[in-house]
Structures are given as C-alpha cells and as structure tokens.
file entry_10.txt (compact mmCIF, C-alpha atoms)
# COMPACT_ATOMS: atom_id res chain seq x y z
CA ALA A 15 138.95 131.75 122.39
CA PHE A 16 136.47 134.30 123.62
CA SER A 17 137.28 136.71 120.84
CA THR A 18 136.98 133.89 118.30
CA SER A 19 133.51 132.97 119.55
CA GLU A 20 132.46 136.61 119.45
CA SER A 21 133.76 136.90 115.92
CA MET A 22 131.83 133.80 114.86
CA ALA A 23 128.67 135.11 116.51
CA ALA A 24 129.09 138.48 114.79
CA THR A 25 129.63 136.74 111.45
CA SER A 26 126.53 134.61 112.01
CA ARG A 27 124.45 137.70 112.77
CA VAL A 28 125.69 139.39 109.61
CA LEU A 29 124.88 136.31 107.54
CA LEU A 30 121.43 136.08 109.08
CA ARG A 31 120.71 139.73 108.26
CA GLN A 32 121.98 139.24 104.73
CA ALA A 33 119.89 136.07 104.34
CA ALA A 34 116.78 137.81 105.69
CA SER A 35 117.32 140.71 103.31
CA ALA A 36 117.83 138.35 100.36
CA CYS A 37 114.77 136.23 101.19
CA THR A 38 112.57 139.30 101.65
CA SER A 39 113.77 140.77 98.36
CA VAL A 40 113.08 137.54 96.47
CA SER A 41 109.64 137.24 98.09
CA LEU A 42 108.67 140.80 97.14
CA SER A 43 110.03 140.23 93.64
CA MET A 44 107.90 137.13 93.14
CA MET A 45 104.80 138.87 94.50
CA ALA A 46 105.36 141.86 92.20
CA GLY A 47 105.87 139.55 89.24
CA ASP A 48 102.62 137.73 89.96
CA VAL A 49 100.65 140.96 90.31
CA ILE A 50 101.97 142.18 86.95
CA CYS A 51 101.28 138.76 85.43
CA GLN A 52 97.65 138.86 86.53
CA ARG A 53 97.25 142.38 85.17
CA ILE A 54 98.73 141.40 81.82
CA ALA A 55 96.45 138.35 81.70
CA GLY A 56 93.45 140.67 82.15
CA GLU A 57 92.13 139.09 85.34
CA GLU A 58 88.96 140.87 86.48
CA GLU A 59 89.84 140.52 90.18
CA MET A 60 93.26 140.18 91.78
CA ASP A 61 93.81 136.68 93.15
CA THR A 62 95.41 137.63 96.47
CA SER A 63 95.81 134.02 97.57
CA ARG A 64 97.88 133.34 94.46
CA VAL A 65 100.05 136.40 95.19
CA ALA A 66 100.50 135.13 98.75
CA ARG A 67 101.56 131.70 97.49
CA MET A 68 104.19 133.24 95.27
CA GLY A 69 105.44 135.42 98.14
CA ALA A 70 105.62 132.48 100.53
CA THR A 71 107.54 130.45 97.96
CA GLY A 72 110.04 133.27 97.53
CA LEU A 73 110.47 133.79 101.27
CA CYS A 74 110.79 130.15 102.29
CA VAL A 75 112.15 128.35 99.20
CA SER A 76 113.59 130.47 96.39
CA GLY A 77 115.17 133.12 98.63
CA PRO A 78 117.15 130.76 100.88
CA LEU A 79 118.26 128.71 97.87
CA SER A 80 119.45 131.78 96.01
CA PHE A 81 121.40 133.11 98.98
CA THR A 82 123.03 129.74 99.74
CA LEU A 83 123.99 128.92 96.17
CA HIS A 84 125.53 132.34 95.55
CA HIS A 85 127.85 131.83 98.53
CA VAL A 86 128.68 128.25 97.54
CA PHE A 87 129.55 129.24 93.98
CA GLU A 88 131.74 132.07 95.22
CA ARG A 89 133.70 129.58 97.29
CA LEU A 90 134.03 127.20 94.34
CA ALA A 91 135.02 129.93 91.86
CA PRO A 92 136.21 133.01 93.81
CA GLY A 93 136.90 136.36 92.19
CA ALA A 94 135.66 138.31 89.18
CA SER A 95 138.05 137.10 86.51
CA ALA A 96 136.76 135.87 83.19
CA ILE A 97 137.44 132.24 84.14
CA ALA A 98 135.72 132.62 87.53
CA ILE A 99 132.70 134.24 85.93
CA CYS A 100 132.47 131.47 83.31
CA LYS A 101 132.62 128.84 86.05
CA LYS A 102 129.89 130.53 88.08
CA LEU A 103 127.75 130.96 84.99
CA PHE A 104 128.11 127.28 84.21
CA LEU A 105 127.14 126.35 87.77
CA THR A 106 124.21 128.77 87.71
CA LEU A 107 122.74 127.41 84.49
CA THR A 108 123.36 123.73 85.26
CA VAL A 109 122.75 123.64 89.03
CA THR A 110 120.85 126.71 90.18
CA ALA A 111 118.33 126.80 87.33
CA PRO A 112 117.06 123.20 87.71
CA ILE A 113 116.90 123.48 91.51
CA GLN A 114 115.19 126.87 91.52
CA VAL A 115 112.67 126.02 88.80
CA THR A 116 111.84 122.64 90.35
CA SER A 117 111.42 124.07 93.86
CA THR A 118 109.39 127.06 92.68
CA LEU A 119 106.97 125.12 90.47
CA GLY A 120 106.62 122.35 93.03
CA ALA A 121 106.06 124.69 95.99
CA VAL A 122 103.49 126.86 94.20
CA THR A 123 101.59 123.78 93.04
CA LEU A 124 101.59 122.21 96.52
CA LEU A 125 100.36 125.45 98.08
CA SER A 126 97.47 125.62 95.61
CA PRO A 127 94.10 124.35 96.90
CA GLY A 128 93.37 120.72 96.08
CA LYS A 129 96.82 119.93 94.69
CA SER A 130 98.86 116.88 95.70
CA THR A 131 102.47 115.76 95.36
CA ALA A 132 101.48 113.91 92.19
CA ASP A 133 100.20 117.18 90.71
CA ALA A 134 103.45 118.93 91.69
CA GLU A 135 105.52 116.17 90.11
CA ALA A 136 103.52 116.31 86.89
CA LYS A 137 103.83 120.10 86.81
CA VAL A 138 107.61 119.96 87.20
CA LYS A 139 107.97 117.30 84.49
CA GLN A 140 105.85 119.33 82.10
CA GLU A 141 107.40 122.78 82.61
CA LEU A 142 110.99 122.17 83.80
CA VAL A 143 112.83 121.90 80.47
CA PRO A 144 110.97 124.74 78.63
CA THR A 145 111.47 127.06 81.60
CA ILE A 146 115.20 126.32 81.88
CA ILE A 147 115.70 126.85 78.15
CA SER A 148 113.88 130.19 78.41
CA SER A 149 116.05 131.22 81.37
CA ILE A 150 119.43 130.79 79.64
CA PRO A 151 119.56 134.01 77.56
CA TYR A 152 117.98 136.19 80.25
CA TRP A 153 119.95 135.05 83.28
CA GLY A 154 123.12 134.40 81.32
CA VAL A 155 123.42 138.08 80.38
CA PHE A 156 122.35 139.34 83.79
CA HIS A 157 124.66 137.11 85.84
CA THR A 158 127.64 138.05 83.70
CA PHE A 159 127.13 141.60 84.99
CA ASN A 160 126.12 140.49 88.48
CA TYR A 161 129.18 138.29 89.09
CA ARG A 162 131.45 140.98 87.70
CA HIS A 163 130.27 144.04 89.62
CA THR A 164 128.14 142.98 92.63
CA PRO A 165 129.46 141.76 96.04
CA VAL A 166 128.39 138.24 96.88
CA HIS A 167 126.02 139.22 99.73
CA ARG A 168 124.21 141.67 97.41
CA ARG A 169 123.81 139.31 94.50
CA PRO A 170 120.50 137.78 95.64
CA VAL A 171 119.06 141.29 96.06
CA MET A 172 120.19 142.30 92.58
CA SER A 173 118.85 139.03 91.23
CA SER A 174 115.49 139.75 92.86
CA LEU A 175 115.32 143.14 91.13
CA ALA A 176 116.01 141.55 87.76
CA GLY A 177 113.71 138.72 88.78
CA VAL A 178 110.61 140.94 88.75
CA PHE A 179 110.45 140.58 84.98
CA TRP A 180 111.44 136.92 85.08
CA ASN A 181 108.85 136.18 87.78
CA ILE A 182 106.10 137.38 85.45
CA TYR A 183 106.96 134.41 83.27
CA ILE A 184 107.47 132.07 86.25
CA SER A 185 104.10 133.08 87.70
CA TRP A 186 102.42 132.34 84.39
CA GLN A 187 104.14 128.96 84.16
CA ALA A 188 103.38 128.03 87.77
CA ASN A 189 99.71 129.07 87.66
CA LYS A 190 98.99 128.28 84.01
CA ASP A 191 96.75 125.28 84.69
CA SER A 192 94.53 127.11 87.16
CA SER A 193 94.19 130.13 84.86
CA GLU A 194 93.28 127.95 81.89
CA ALA A 195 90.86 125.99 84.05
CA GLY A 196 89.16 129.23 85.03
CA GLN A 197 88.97 130.31 81.40
CA ARG A 198 87.62 126.91 80.39
CA SER A 199 85.04 127.15 83.17
CA THR A 200 83.98 130.61 81.99
CA VAL A 201 83.75 129.43 78.39
CA THR A 202 81.82 126.34 79.46
CA ARG A 203 79.34 128.41 81.44
CA GLY A 204 78.88 130.75 78.48
CA TYR A 205 78.46 127.80 76.11
CA LYS A 206 75.88 126.18 78.40
CA ALA A 207 73.95 129.44 78.71
CA SER A 208 74.02 129.85 74.93
CA CYS A 209 72.83 126.28 74.44
CA GLU A 210 70.02 126.78 76.94
CA ALA A 211 68.96 129.99 75.21
CA ASP A 212 69.05 128.24 71.82
CA THR A 213 67.04 125.35 73.25
CA ASP A 214 64.41 127.69 74.70
CA SER A 215 64.21 129.55 71.39
CA SER A 216 63.88 126.29 69.48
CA MET A 217 61.15 125.08 71.83
CA ARG A 218 59.24 128.34 71.39
CA ASN A 219 59.60 128.13 67.63
CA MET A 220 58.42 124.53 67.68
CA SER A 221 55.45 125.50 69.84
CA ASP A 222 54.57 128.38 67.52
CA SER A 223 54.94 126.09 64.50
CA SER A 224 52.72 123.47 66.12
CA SER A 225 50.06 126.10 66.84
CA SER A 226 50.23 127.37 63.28
CA ILE A 227 49.98 123.86 61.89
CA ALA A 228 47.06 123.08 64.17
CA ALA A 229 45.33 126.30 63.13
CA ALA A 230 45.96 125.53 59.49
CA ARG A 231 44.65 122.02 59.92
CA GLY A 232 41.60 123.37 61.72
CA GLY A 233 40.96 125.88 58.95
CA LYS A 234 41.40 123.22 56.30
CA GLU A 235 39.09 120.82 58.09
CA GLY A 236 36.52 123.62 58.47
CA ALA A 237 36.75 124.42 54.80
CA GLU A 238 36.37 120.76 53.91
CA GLU A 239 33.33 120.53 56.18
CA ARG A 240 31.82 123.58 54.51
CA GLN A 241 32.49 122.10 51.07
CA ASP A 242 30.94 118.80 52.19
CA GLY A 243 27.94 120.72 53.47
CA MET A 244 27.60 122.56 50.21
CA ARG A 245 27.84 119.32 48.24
CA ALA A 246 25.32 117.75 50.55
CA GLY A 247 22.99 120.74 50.10
CA LYS A 248 23.25 120.53 46.34
CA ALA A 249 22.51 116.83 46.44
CA ASP A 250 19.43 117.44 48.61
CA GLY A 251 18.24 120.18 46.21
CA SER A 252 18.61 117.87 43.24
CA ILE A 253 16.57 115.18 44.98
CA TRP A 254 13.87 117.70 45.85
CA GLU A 255 13.71 118.92 42.25
CA ARG A 256 13.44 115.37 40.97
CA SER A 257 10.66 114.69 43.41
CA ILE A 258 8.74 117.72 42.13
CA THR A 259 9.20 116.84 38.46
CA GLY A 260 8.29 113.21 39.01
CA PRO A 261 5.26 111.24 37.69
CA CYS A 262 2.80 113.89 38.84
CA SER A 263 4.34 116.73 36.93
CA GLU A 264 2.75 118.37 33.91
CA SER A 265 5.23 116.83 31.55
CA SER A 266 4.14 113.41 32.56
CA ILE A 267 0.41 114.03 31.78
CA PRO A 268 -0.52 112.31 28.56
CA SER A 269 -2.03 114.60 25.85

call {"tool": "encode", "arguments": {"input": "entry_10.txt", "output": "structure tokens"}}
result
Amino acid sequence: AFSTSESMAATSRVLLRQAASACTSVSLSMMAGDVICQRIAGEEEMDTSRVARMGATGLCVSGPLSFTLHHVFERLAPGASAIAICKKLFLTLTVTAPIQVTSTLGAVTLLSPGKSTADAEAKVKQELVPTIISSIPYWGVFHTFNYRHTPVHRRPVMSSLAGVFWNIYISWQANKDSSEAGQRSTVTRGYKASCEADTDSSMRNMSDSSSSIAAARGGKEGAEERQDGMRAGKADGSIWERSITGPCSESSIPS
C-alpha cells in the first residue's frame, strides 16, 4: 500500500510538471502571437496590457484545456494507428476547437477593460464559426503529424510551437473590436480636426469677403456721392448763369 501511494504521488508530480510545462508553453505562444499580430497591424506602441491578457488566457485557460483534452483523447483512442489518428482528429475538430475558441475569445474579452459577460457572449457568437472553419485546414494537417510522432505529454508543447502562427490570427480575432475602435477614434479625431480647419478657413474667407464687399460698397457710395455733388454743382452753375443773363442783361435791353 505504501509503495502504491508513493507511485501515485510520483505520477501526480510528473503530471503536474507536464501540465506546468504545457501551460507555460501555451502562454508564451499566445503572447508571442499577439506581439507579432500588433507588429503586423502597424501599431505605433506595443499594447503590453493586451499581451498580458493573452498570456494570462494561455496560462489559466487554453493551456490547462489543451493538456487535459490531449490526455482524454489518448485514453479514448490510444495508439498511433490510422484509425486512432482519425478518431483523435475528429474529436479535436469537433470538441477541442469549439471549447478552445469559446474559452479564448470569452476570456480575452472579459479581461479587457470595460467588457462584460454580455460583450463576451456577443464576441463568441460573432467569431466562433468563422474561427473554427479557419482552424480546420491548419490544425488538421498539424495534428495528423502530432498524433503520429509526438508522445502525449509533449503534444501541448508541440501545439504551442505551431500555435505561434495560429495565435496571430486568434489575437486579431479576439482584439479586433478594440483595434477597430482605436482606428475609428483616430479617424474621427482627424476628421474633426479637418472639419475645424475647414470651418476656420471658411470663416476667414467669409470675413475677407465681407470686408471686400463693404469696401466696394463704400467706394461705390463715395463715387455716387461725388457724382451727386458734381450734378448738384452743375445745377447750381446753371442757375447762376440764368440769374446773370436774366432781365437785366444786355440782350434784354430794347433797341
């Protein structure tokens, strides 16, 4: 009995070390995928909190799930025969993929600032099916090799290495809303600044136009006043001439 308990304790310690190694590998894989994703997206500054969220999701959610499901599938379909591999592939694509995608998208959304369970649920509903469909060719080919040549306790580690490339896509899917919101915010700020500049330019143009119109009106009114003055002067001259050539002029003296 004593030897049996020691054997169980030793087995538990081995499993714990293997689980810790698998979870750490998955966490580092998800962090690396997110860093690459941000670089590809052309982010000006690295969002370290986003990288940390992806790492925490890998360490606490995706890693334990991957390790557990690999062992469960090996018990359900032991060996590396063609039939066993087909069974494990079927279980991976129909069981592991929905669970992993749902847990990853939901966890990343819940860890994001200001997000609620309703946001996580909406995110999963929106991205679950497209993500699973995208995963079939990639993971189908990889797991065919992984189930054939890799021991069960090393499979999560191998999956995490292949997952670096996959996690670029997962990171984009999980953080797509926040990235687009940031881009929309940047575009909105630029649009507002452009509108304000256009408004200021229009106001200056209107002010200049008003000044020009006022000046033109002033010049026109001055010209009209000068013309009126000239007409008035002519009229006064005519009156004066008529007064001179009136009844007392030489032409009016009878001969």

call {"tool": "residues_around", "arguments": {"input": "entry_10.txt", "residues": "Val109 in chain A", "least_positions_apart": "6", "cutoff": "12 Å", "atoms": "only C-alpha atoms", "output": "PyMOL selection string"}}
result
chain A and resi 79-80+83-84+86-87+101-103+115-116+146

call {"tool": "atom_distance", "arguments": {"input": "entry_10.txt", "atom1": "CA of Ile182 in chain A", "atom2": "CA of Asp48 in chain A"}}
result
5.7 Å

call {"tool": "atom_distance", "arguments": {"input": "entry_10.txt", "atom1": "CA of Phe159 in chain A", "atom2": "CA of Arg27 in chain A"}}
result
28.2 Å

call {"tool": "atom_distance", "arguments": {"input": "entry_10.txt", "atom1": "CA of Val155 in chain A", "atom2": "CA of Pro112 in chain A"}}
result
17.8 Å

call {"tool": "closest_residue", "arguments": {"input": "entry_10.txt", "among": "A:His167, A:Lys139, A:His85, A:Lys190", "to": "Ala34 in chain A", "atoms": "all atoms listed in the file"}}
result
A:His167

call {"tool": "residues_around", "arguments": {"input": "entry_10.txt", "residues": "Gly120 in chain A", "least_positions_apart": "3", "cutoff": "8 Å", "atoms": "all atoms listed in the file", "output": "number ranges by chain"}}
result
A: 116-117, 123-124, 134-135, 137-138

call {"tool": "closest_residue", "arguments": {"input": "entry_10.txt", "among": "A:Met44, A:Ala94, A:Ser76, A:Asp61", "to": "Val166 in chain A", "atoms": "only C-alpha atoms"}}
result
A:Ala94

call {"tool": "closest_residue", "arguments": {"input": "entry_10.txt", "among": "A:Val49, A:Thr145, A:Ile54, A:Arg162", "to": "Cys100 in chain A", "atoms": "all atoms listed in the file"}}
result
A:Arg162

call {"tool": "closest_residue", "arguments": {"input": "entry_10.txt", "among": "A:Asn160, A:Ser43, A:Thr110, A:Ser173", "to": "Thr82 in chain A", "atoms": "all atoms listed in the file"}}
result
A:Thr110

call {"tool": "closest_residue", "arguments": {"input": "entry_10.txt", "among": "A:Leu119, A:Ile99, A:Ala132, A:Val178", "to": "Cys51 in chain A", "atoms": "all atoms listed in the file"}}
result
A:Val178

call {"tool": "closest_residue", "arguments": {"input": "entry_10.txt", "among": "A:Leu42, A:Ala176, A:Leu142, A:Ala55", "to": "Thr118 in chain A", "atoms": "only C-alpha atoms"}}
result
A:Leu142

call {"tool": "axis_aligned_box", "arguments": {"input": "entry_10.txt", "around": "range 76-84 of chain A", "padding_each_side": "5 Å", "output": "JSON"}}
result
{"center_x": 119.6, "center_y": 130.9, "center_z": 98.2, "size_x": 21.9, "size_y": 14.4, "size_z": 15.3}

call {"tool": "residues_near_point", "arguments": {"input": "entry_10.txt", "point": "(119.6, 134.2, 101.4)", "cutoff": "10 Å", "atoms": "all atoms listed in the file", "output": "PyMOL selection string"}}
result
chain A and resi 29-40+73-85+167-171
